[in-house]
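Chemist: mmCIF, C-alpha atoms, saved as model10.cif, coming up:
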data_run
#
loop_
_atom_site.group_PDB
_atom_site.id
_atom_site.type_symbol
_atom_site.label_atom_id
_atom_site.label_comp_id
_atom_site.auth_asym_id
_atom_site.auth_seq_id
_atom_site.Cartn_x
_atom_site.Cartn_y
_atom_site.Cartn_z
ATOM 1 C CA MET A 158 -38.172 -4.672 -8.995
ATOM 2 C CA ALA A 159 -35.017 -2.578 -9.349
ATOM 3 C CA HIS A 160 -31.578 -4.158 -9.484
ATOM 4 C CA ILE A 161 -28.331 -2.607 -8.238
ATOM 5 C CA ASP A 162 -24.855 -3.550 -9.381
ATOM 6 C CA TYR A 163 -22.659 -2.743 -6.401
ATOM 7 C CA TYR A 164 -19.055 -2.089 -7.406
ATOM 8 C CA PHE A 165 -16.555 -1.754 -4.586
ATOM 9 C CA SER A 166 -12.988 -2.402 -3.569
ATOM 10 C CA PRO A 167 -12.200 -4.344 -0.382
ATOM 11 C CA LEU A 168 -9.533 -1.673 0.205
ATOM 12 C CA SER A 169 -11.921 1.291 0.195
ATOM 13 C CA VAL A 170 -12.422 3.086 3.498
ATOM 14 C CA PHE A 171 -15.442 4.851 2.025
ATOM 15 C CA THR A 172 -17.028 1.465 1.365
ATOM 16 C CA TYR A 173 -16.327 0.615 5.006
ATOM 17 C CA PHE A 174 -18.184 3.807 5.955
ATOM 18 C CA ALA A 175 -21.203 2.669 3.901
ATOM 19 C CA GLY A 176 -21.830 -0.159 6.362
ATOM 20 C CA ASP A 177 -25.102 -1.949 5.662
ATOM 21 C CA ARG A 178 -27.034 1.099 4.460
ATOM 22 C CA LEU A 179 -27.263 -0.172 0.871
ATOM 23 C CA GLU A 180 -28.831 -3.406 2.071
ATOM 24 C CA GLN A 181 -31.335 -1.494 4.198
ATOM 25 C CA ILE A 182 -32.276 0.713 1.245
ATOM 26 C CA ALA A 183 -32.594 -2.262 -1.110
ATOM 27 C CA ALA A 184 -34.850 -4.090 1.367
ATOM 28 C CA LYS A 185 -37.001 -0.983 1.759
ATOM 29 C CA HIS A 186 -37.620 -0.776 -1.993
ATOM 30 C CA GLY A 187 -37.570 -4.490 -2.829
ATOM 31 C CA ALA A 188 -34.409 -4.070 -4.921
ATOM 32 C CA THR A 189 -31.847 -6.789 -5.567
ATOM 33 C CA ILE A 190 -28.074 -6.390 -5.280
ATOM 34 C CA ARG A 191 -25.212 -7.974 -7.183
ATOM 35 C CA TYR A 192 -21.925 -7.611 -5.321
ATOM 36 C CA LYS A 193 -19.071 -6.903 -7.711
ATOM 37 C CA PRO A 194 -15.722 -6.443 -5.969
ATOM 38 C CA PHE A 195 -13.145 -5.096 -8.401
ATOM 39 C CA ASP A 196 -9.445 -4.210 -8.538
ATOM 40 C CA ILE A 197 -9.425 -0.477 -7.944
ATOM 41 C CA MET A 198 -5.684 -0.113 -8.566
ATOM 42 C CA VAL A 199 -6.057 -1.654 -12.026
ATOM 43 C CA LEU A 200 -9.036 0.588 -12.692
ATOM 44 C CA PHE A 201 -7.049 3.679 -11.702
ATOM 45 C CA ASP A 202 -4.350 2.657 -14.193
ATOM 46 C CA ARG A 203 -6.905 2.237 -16.975
ATOM 47 C CA LEU A 204 -8.446 5.602 -16.201
ATOM 48 C CA GLY A 205 -5.083 7.322 -15.959
ATOM 49 C CA ALA A 206 -6.033 8.375 -12.431
ATOM 50 C CA PRO A 207 -3.401 8.770 -9.688
ATOM 51 C CA LYS A 208 -3.344 6.115 -6.987
ATOM 52 C CA PRO A 209 -3.584 7.322 -3.365
ATOM 53 C CA ALA A 210 0.192 7.241 -2.889
ATOM 54 C CA ASP A 211 0.692 9.410 -5.975
ATOM 55 C CA ARG A 212 -1.841 12.124 -5.204
ATOM 56 C CA PRO A 213 -0.850 15.707 -4.320
ATOM 57 C CA VAL A 214 0.008 16.371 -0.703
ATOM 58 C CA GLY A 215 -2.918 18.767 -0.335
ATOM 59 C CA ARG A 216 -5.375 16.102 -1.395
ATOM 60 C CA SER A 217 -3.836 13.574 0.999
ATOM 61 C CA VAL A 218 -4.156 16.021 3.885
ATOM 62 C CA TYR A 219 -7.766 16.741 2.948
ATOM 63 C CA ARG A 220 -8.533 13.017 2.688
ATOM 64 C CA MET A 221 -7.307 12.385 6.225
ATOM 65 C CA GLN A 222 -9.347 15.272 7.601
ATOM 66 C CA GLU A 223 -12.409 13.999 5.764
ATOM 67 C CA LEU A 224 -11.931 10.480 7.115
ATOM 68 C CA ARG A 225 -11.895 11.848 10.657
ATOM 69 C CA ARG A 226 -15.051 13.877 10.085
ATOM 70 C CA ILE A 227 -16.967 10.959 8.587
ATOM 71 C CA ARG A 228 -15.687 8.603 11.290
ATOM 72 C CA ASP A 229 -16.975 10.950 13.976
ATOM 73 C CA GLU A 230 -20.307 11.500 12.213
ATOM 74 C CA LEU A 231 -20.858 7.741 12.099
ATOM 75 C CA GLY A 232 -19.629 7.196 15.647
ATOM 76 C CA LEU A 233 -16.915 4.755 14.603
ATOM 77 C CA THR A 234 -13.595 3.898 16.176
ATOM 78 C CA MET A 235 -11.065 3.184 13.461
ATOM 79 C CA HIS A 236 -7.373 3.151 12.689
ATOM 80 C CA GLU A 237 -6.573 6.135 10.513
ATOM 81 C CA LYS A 238 -3.518 4.404 9.048
ATOM 82 C CA PRO A 239 -3.935 0.633 9.351
ATOM 83 C CA ASP A 240 -0.730 -1.396 9.347
ATOM 84 C CA PHE A 241 -2.031 -3.628 6.542
ATOM 85 C CA TRP A 242 -3.338 -1.037 4.102
ATOM 86 C CA PRO A 243 -3.067 -1.234 1.248
ATOM 87 C CA THR A 244 -2.741 -5.002 1.003
ATOM 88 C CA ASN A 245 -3.497 -7.623 -1.622
ATOM 89 C CA ALA A 246 -7.274 -7.341 -1.942
ATOM 90 C CA ALA A 247 -7.651 -10.335 -4.253
ATOM 91 C CA PRO A 248 -8.122 -13.055 -1.578
ATOM 92 C CA ALA A 249 -10.908 -11.085 0.102
ATOM 93 C CA ALA A 250 -12.535 -10.348 -3.260
ATOM 94 C CA TYR A 251 -12.337 -14.023 -4.217
ATOM 95 C CA ALA A 252 -14.104 -14.990 -0.982
ATOM 96 C CA ILE A 253 -16.896 -12.481 -1.639
ATOM 97 C CA ILE A 254 -17.316 -13.763 -5.187
ATOM 98 C CA ALA A 255 -17.407 -17.385 -3.995
ATOM 99 C CA ALA A 256 -19.957 -16.448 -1.330
ATOM 100 C CA GLN A 257 -22.122 -14.752 -3.968
ATOM 101 C CA GLU A 258 -22.105 -17.950 -6.026
ATOM 102 C CA ALA A 259 -22.897 -20.067 -2.971
ATOM 103 C CA LYS A 260 -25.805 -17.813 -2.037
ATOM 104 C CA ASP A 261 -27.099 -17.929 -5.612
ATOM 105 C CA ALA A 262 -27.079 -21.732 -5.390
ATOM 106 C CA THR A 263 -28.533 -22.200 -1.912
ATOM 107 C CA GLY A 264 -30.104 -18.904 -0.877
ATOM 108 C CA GLU A 265 -28.178 -19.107 2.380
ATOM 109 C CA GLY A 266 -25.620 -16.778 3.886
ATOM 110 C CA ASP A 267 -25.293 -13.035 4.477
ATOM 111 C CA ILE A 268 -22.896 -11.386 2.047
ATOM 112 C CA CYS A 269 -23.251 -8.028 3.760
ATOM 113 C CA ALA A 270 -22.101 -9.556 7.069
ATOM 114 C CA LEU A 271 -19.130 -11.133 5.293
ATOM 115 C CA ILE A 272 -18.117 -7.824 3.739
ATOM 116 C CA ARG A 273 -18.579 -5.888 6.958
ATOM 117 C CA SER A 274 -16.400 -8.401 8.796
ATOM 118 C CA LEU A 275 -13.614 -7.899 6.262
ATOM 119 C CA PHE A 276 -13.782 -4.111 6.511
ATOM 120 C CA LYS A 277 -13.901 -4.303 10.301
ATOM 121 C CA ALA A 278 -10.749 -6.422 10.214
ATOM 122 C CA THR A 279 -8.862 -3.700 8.346
ATOM 123 C CA TRP A 280 -10.179 -0.509 9.871
ATOM 124 C CA GLU A 281 -11.074 -1.506 13.430
ATOM 125 C CA GLU A 282 -8.986 -4.565 14.261
ATOM 126 C CA ASN A 283 -5.841 -3.639 12.299
ATOM 127 C CA ARG A 284 -5.648 -7.057 10.621
ATOM 128 C CA ASP A 285 -4.599 -8.142 7.135
ATOM 129 C CA ILE A 286 -7.509 -9.197 4.889
ATOM 130 C CA ALA A 287 -5.057 -11.042 2.633
ATOM 131 C CA GLN A 288 -4.546 -13.645 5.369
ATOM 132 C CA ASP A 289 -6.447 -16.943 5.361
ATOM 133 C CA ASP A 290 -7.508 -16.784 8.999
ATOM 134 C CA VAL A 291 -9.070 -13.339 8.554
ATOM 135 C CA ILE A 292 -10.951 -14.480 5.449
ATOM 136 C CA THR A 293 -12.233 -17.704 6.975
ATOM 137 C CA GLN A 294 -13.409 -15.817 10.072
ATOM 138 C CA ALA A 295 -15.301 -13.364 7.846
ATOM 139 C CA LEU A 296 -16.896 -16.206 5.894
ATOM 140 C CA LYS A 297 -18.094 -17.733 9.160
ATOM 141 C CA ALA A 298 -19.464 -14.349 10.244
ATOM 142 C CA GLY A 299 -21.561 -14.332 7.080
ATOM 143 C CA GLY A 300 -22.821 -17.869 7.607
ATOM 144 C CA PHE A 301 -20.746 -19.320 4.771
ATOM 145 C CA ASP A 302 -18.562 -22.417 4.634
ATOM 146 C CA PRO A 303 -15.035 -21.228 5.494
ATOM 147 C CA ALA A 304 -13.723 -23.712 2.930
ATOM 148 C CA LEU A 305 -14.850 -21.222 0.269
ATOM 149 C CA ALA A 306 -11.573 -19.424 0.982
ATOM 150 C CA THR A 307 -9.861 -22.188 -1.000
ATOM 151 C CA THR A 308 -12.593 -23.837 -3.066
ATOM 152 C CA GLY A 309 -13.629 -20.447 -4.440
ATOM 153 C CA LEU A 310 -10.192 -19.510 -5.734
ATOM 154 C CA LEU A 311 -10.883 -20.481 -9.351
ATOM 155 C CA ALA A 312 -14.216 -18.659 -9.564
ATOM 156 C CA GLY A 313 -12.672 -15.641 -7.885
ATOM 157 C CA ALA A 314 -9.670 -15.582 -10.190
ATOM 158 C CA GLU A 315 -11.990 -15.602 -13.206
ATOM 159 C CA THR A 316 -14.603 -13.156 -11.937
ATOM 160 C CA TYR A 317 -12.437 -10.531 -10.201
ATOM 161 C CA PRO A 318 -10.786 -9.260 -13.410
ATOM 162 C CA LYS A 319 -14.128 -9.537 -15.216
ATOM 163 C CA ASN A 320 -15.700 -7.325 -12.552
ATOM 164 C CA THR A 321 -12.898 -4.842 -13.140
ATOM 165 C CA ASP A 322 -13.571 -4.922 -16.884
ATOM 166 C CA ASP A 323 -17.282 -4.445 -16.207
ATOM 167 C CA ALA A 324 -16.547 -1.535 -13.883
ATOM 168 C CA PHE A 325 -14.471 0.215 -16.528
ATOM 169 C CA ALA A 326 -17.085 -0.429 -19.226
ATOM 170 C CA SER A 327 -19.872 0.819 -16.944
ATOM 171 C CA GLY A 328 -18.206 4.132 -16.153
ATOM 172 C CA VAL A 329 -17.144 3.300 -12.614
ATOM 173 C CA PHE A 330 -14.297 5.463 -11.320
ATOM 174 C CA GLY A 331 -14.303 4.956 -7.559
ATOM 175 C CA SER A 332 -15.578 2.913 -4.630
ATOM 176 C CA PRO A 333 -18.289 2.423 -3.564
ATOM 177 C CA PHE A 334 -20.227 2.821 -6.797
ATOM 178 C CA TYR A 335 -23.886 1.883 -7.264
ATOM 179 C CA ILE A 336 -25.620 1.428 -10.620
ATOM 180 C CA VAL A 337 -29.370 0.921 -10.934
ATOM 181 C CA THR A 338 -29.121 -1.290 -13.992
ATOM 182 C CA ASP A 339 -32.761 -0.852 -15.040
ATOM 183 C CA THR A 340 -32.124 2.813 -15.841
ATOM 184 C CA ASP A 341 -28.305 3.112 -15.765
ATOM 185 C CA GLU A 342 -28.613 5.650 -12.954
ATOM 186 C CA ARG A 343 -25.269 5.931 -11.170
ATOM 187 C CA PHE A 344 -24.295 6.921 -7.658
ATOM 188 C CA TRP A 345 -20.724 7.301 -6.401
ATOM 189 C CA GLY A 346 -19.794 7.271 -2.746
ATOM 190 C CA GLN A 347 -21.332 6.337 0.570
ATOM 191 C CA ASP A 348 -22.572 9.915 0.891
ATOM 192 C CA ARG A 349 -24.853 9.370 -2.129
ATOM 193 C CA LEU A 350 -26.842 6.576 -0.522
ATOM 194 C CA ALA A 351 -29.605 8.968 0.543
ATOM 195 C CA GLN A 352 -29.932 10.026 -3.091
ATOM 196 C CA LEU A 353 -30.119 6.373 -4.148
ATOM 197 C CA ASP A 354 -32.846 5.822 -1.571
ATOM 198 C CA ARG A 355 -34.891 8.720 -2.919
ATOM 199 C CA TYR A 356 -34.328 7.645 -6.512
ATOM 200 C CA LEU A 357 -35.524 4.090 -5.927
ATOM 201 C CA GLY A 358 -38.657 5.569 -4.397
ATOM 202 C CA THR A 359 -39.502 7.171 -7.763
ATOM 203 C CA LEU A 360 -39.377 3.935 -9.770
#
Mind turning this structure into structure tokens?
Modeler:
Amino acid sequence: MAHIDYYFSPLSVFTYFAGDRLEQIAAKHGATIRYKPFDIMVLFDRLGAPKPADRPVGRSVYRMQELRRIRDELGLTMHEKPDFWPTNAAPAAYAIIAAQEAKDATGEGDICALIRSLFKATWEENRDIAQDDVITQALKAGGFDPALATTGLLAGAETYPKNTDDAFASGVFGSPFYIVTDTDERFWGQDRLAQLDRYLGTL
């Protein structure tokens, strides 16, 4: 059984575009997933990579055009420039980490639904994922105890920077990023999910 370490930032629009395709692919091939939200701004600093606000104008223009094309291909309705982006991604990441631990302990809850609810809040509903009410609503959408928004703070505060360290050590440089840990095969971007699907079929 293959295992996938799924590195992503709660701020990443390209992770929003990925939807639940990773989960569908993993179910198809009997693969397991470990969700590892990380601090992409810290990672950019470590890599010496420019943050979105610091990138050349030409790249920013291209990015916006690309977002529109992908949005239309996927049939989504989204805010191109959400009012609350970028925001503090830590609270959302902490909730995901706490939900992962809760699911490990009980086997209950849908982490994918939690994550999708958070991305929907940013890109479709124009809400701030740093706010408690948005996080608790997303936890409920995933079938988790909304109290994890507070009880999971310690675990999140410990694991979030560790995930960032792991991302850097594993060669991650963007979001979403998928690593088949059995073979260290790496895939970057929601547009590589078809390649991941084919690759898992060869194992």
Chemist: For each of A:Asn320, A:Thr307, A:Gln257, A:Thr172, take the minimum atom-to-atom distance to Asp196 (chain A), counting all atoms listed in the file, then give the residue where this is smallest.
Modeler: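 Looking at the shortest contact to Asp196 (chain A), the residue is A:Asn320.
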Chemist: Pick out the closest residue to Ala159 (chain A) from this set: A:Asp339, A:Ala270, A:Gly346, A:Asp229. Count all atoms listed in the file.
Modeler: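 Going through A:Asp339, A:Ala270, A:Gly346, A:Asp229 one by one, the smallest distance to Ala159 (chain A) is for A:Asp339.
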Chemist: Between CA of Met158 (chain A) and CA of Ala351 (chain A), what is the distance in Å, rounded to a tenth?
Modeler: 18.7 Å
Chemist: Please write the residues picked by the PyMOL selection byres ((chain A and resi 266) around 9) on this file as number ranges by chain.
Modeler: A: 256-257, 259-260, 263-265, 267-268, 270-271, 296, 299-301
Chemist: Using the selection just defined, write its residues with C-alpha atoms as a PDB file, in the frame of the given file.
Modeler:
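Full text of selection-v2.pdb as output:
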ATOM      1  CA  ALA A 256     -19.957 -16.448  -1.330  1.00  0.00           C
ATOM      2  CA  GLN A 257     -22.122 -14.752  -3.968  1.00  0.00           C
ATOM      3  CA  ALA A 259     -22.897 -20.067  -2.971  1.00  0.00           C
ATOM      4  CA  LYS A 260     -25.805 -17.813  -2.037  1.00  0.00           C
ATOM      5  CA  THR A 263     -28.533 -22.200  -1.912  1.00  0.00           C
ATOM      6  CA  GLY A 264     -30.104 -18.904  -0.877  1.00  0.00           C
ATOM      7  CA  GLU A 265     -28.178 -19.107   2.380  1.00  0.00           C
ATOM      8  CA  ASP A 267     -25.293 -13.035   4.477  1.00  0.00           C
ATOM      9  CA  ILE A 268     -22.896 -11.386   2.047  1.00  0.00           C
ATOM     10  CA  ALA A 270     -22.101  -9.556   7.069  1.00  0.00           C
ATOM     11  CA  LEU A 271     -19.130 -11.133   5.293  1.00  0.00           C
ATOM     12  CA  LEU A 296     -16.896 -16.206   5.894  1.00  0.00           C
ATOM     13  CA  GLY A 299     -21.561 -14.332   7.080  1.00  0.00           C
ATOM     14  CA  GLY A 300     -22.821 -17.869   7.607  1.00  0.00           C
ATOM     15  CA  PHE A 301     -20.746 -19.320   4.771  1.00  0.00           C
TER      16      PHE A 301
END
Chemist: Taking all atoms listed in the file into account, which of A:Leu357, A:Phe330, A:Leu224, A:Thr321 comes nearest Trp345 (chain A)?
Modeler: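 Going through A:Leu357, A:Phe330, A:Leu224, A:Thr321 one by one, the smallest distance to Trp345 (chain A) is for A:Phe330.
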Chemist: Near region 163-165 of chain A, within 7 Å and counting only C-alpha atoms, which residues show up once chain neighbours fewer than 2 positions away are dropped, as a list in words?
Modeler: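 Close residues of region 163-165 of chain A: Ile161, Pro167, Thr172, Ile190, Arg191, Tyr192, Lys193, Pro194, Phe195, Ala324, Ser332, Pro333, Phe334, Tyr335 and Ile336 of chain A.
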Chemist: When you look at Asn283 (chain A) with a cut-off of 8 Å (counting only C-alpha atoms), what residues show up, excluding the ones that are within fewer than 5 positions of it in the same chain? I need them as JSON, numbers by chain.
Modeler: {"A": [236, 239, 240, 241, 278]}
Chemist: Provide the CA of Leu275 (chain A) to CA of Asp162 (chain A) distance in Å, to one decimal place.
Modeler: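 According to the coordinates, CA of Leu275 (chain A) and CA of Asp162 (chain A) are separated by 19.7 Å.
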Chemist: If I take CA of Leu353 (chain A) and CA of Glu230 (chain A), how far is one from the other in Å, to one decimal?
Modeler: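 Result for CA of Leu353 (chain A) versus CA of Glu230 (chain A): 19.8 Å, one decimal.
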Chemist: Go through A:Ser169, A:Gly205, A:Gly313, A:Gln294 and flag the residue nearest Pro243 (chain A), using only C-alpha atoms for the distances.
Modeler: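 For Pro243 (chain A), the nearest of the given residues is A:Ser169.
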Chemist: Could you write out as a ChimeraX atom specification the residues that the PyMOL selection byres ((chain A and resi 276) around 12) matches in the shown file?
Modeler: /A:165-177,235-236,239,241-242,246,249-250,269-275,277-287,291-292,295
Chemist: Out of A:Phe201, A:Thr359, A:Asp354, A:Asp348, which residue has the shortest atom-to-atom distance to Glu223 (chain A) when counting all atoms listed in the file?
Modeler: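 Of A:Phe201, A:Thr359, A:Asp354, A:Asp348, the one nearest Glu223 (chain A), counting all atoms listed in the file, is A:Asp348.
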Chemist: Hey, which of A:Pro318, A:Pro303, A:Gly328, A:Gly232 ends up closest to Leu204 (chain A)? Count all atoms listed in the file.
Modeler: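 Smallest separation from Leu204 (chain A) among the options: A:Gly328.
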Chemist: List as a VMD selection string the protein and nucleic acid residues near Tyr251 (chain A), meaning an atom at most 9 Å away when all atoms listed in the file are counted, but skip any in the same chain fewer than 3 places from it.
Modeler: chain A and resid 194 246 to 248 254 to 256 305 to 306 309 to 314 316 to 317
Chemist: With C-alpha atoms retained, export the selected residues as a short mmCIF file (atom, residue, chain, number, x, y, z; two decimals), in the frame of the given file.
Modeler:
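Below is the file that was written, selection18.cif:
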data_model
loop_
_atom_site.label_atom_id
_atom_site.label_comp_id
_atom_site.auth_asym_id
_atom_site.auth_seq_id
_atom_site.Cartn_x
_atom_site.Cartn_y
_atom_site.Cartn_z
CA PRO A 194 -15.72 -6.44 -5.97
CA ALA A 246 -7.27 -7.34 -1.94
CA ALA A 247 -7.65 -10.34 -4.25
CA PRO A 248 -8.12 -13.06 -1.58
CA ILE A 254 -17.32 -13.76 -5.19
CA ALA A 255 -17.41 -17.39 -4.00
CA ALA A 256 -19.96 -16.45 -1.33
CA LEU A 305 -14.85 -21.22 0.27
CA ALA A 306 -11.57 -19.42 0.98
CA GLY A 309 -13.63 -20.45 -4.44
CA LEU A 310 -10.19 -19.51 -5.73
CA LEU A 311 -10.88 -20.48 -9.35
CA ALA A 312 -14.22 -18.66 -9.56
CA GLY A 313 -12.67 -15.64 -7.88
CA ALA A 314 -9.67 -15.58 -10.19
CA THR A 316 -14.60 -13.16 -11.94
CA TYR A 317 -12.44 -10.53 -10.20
#
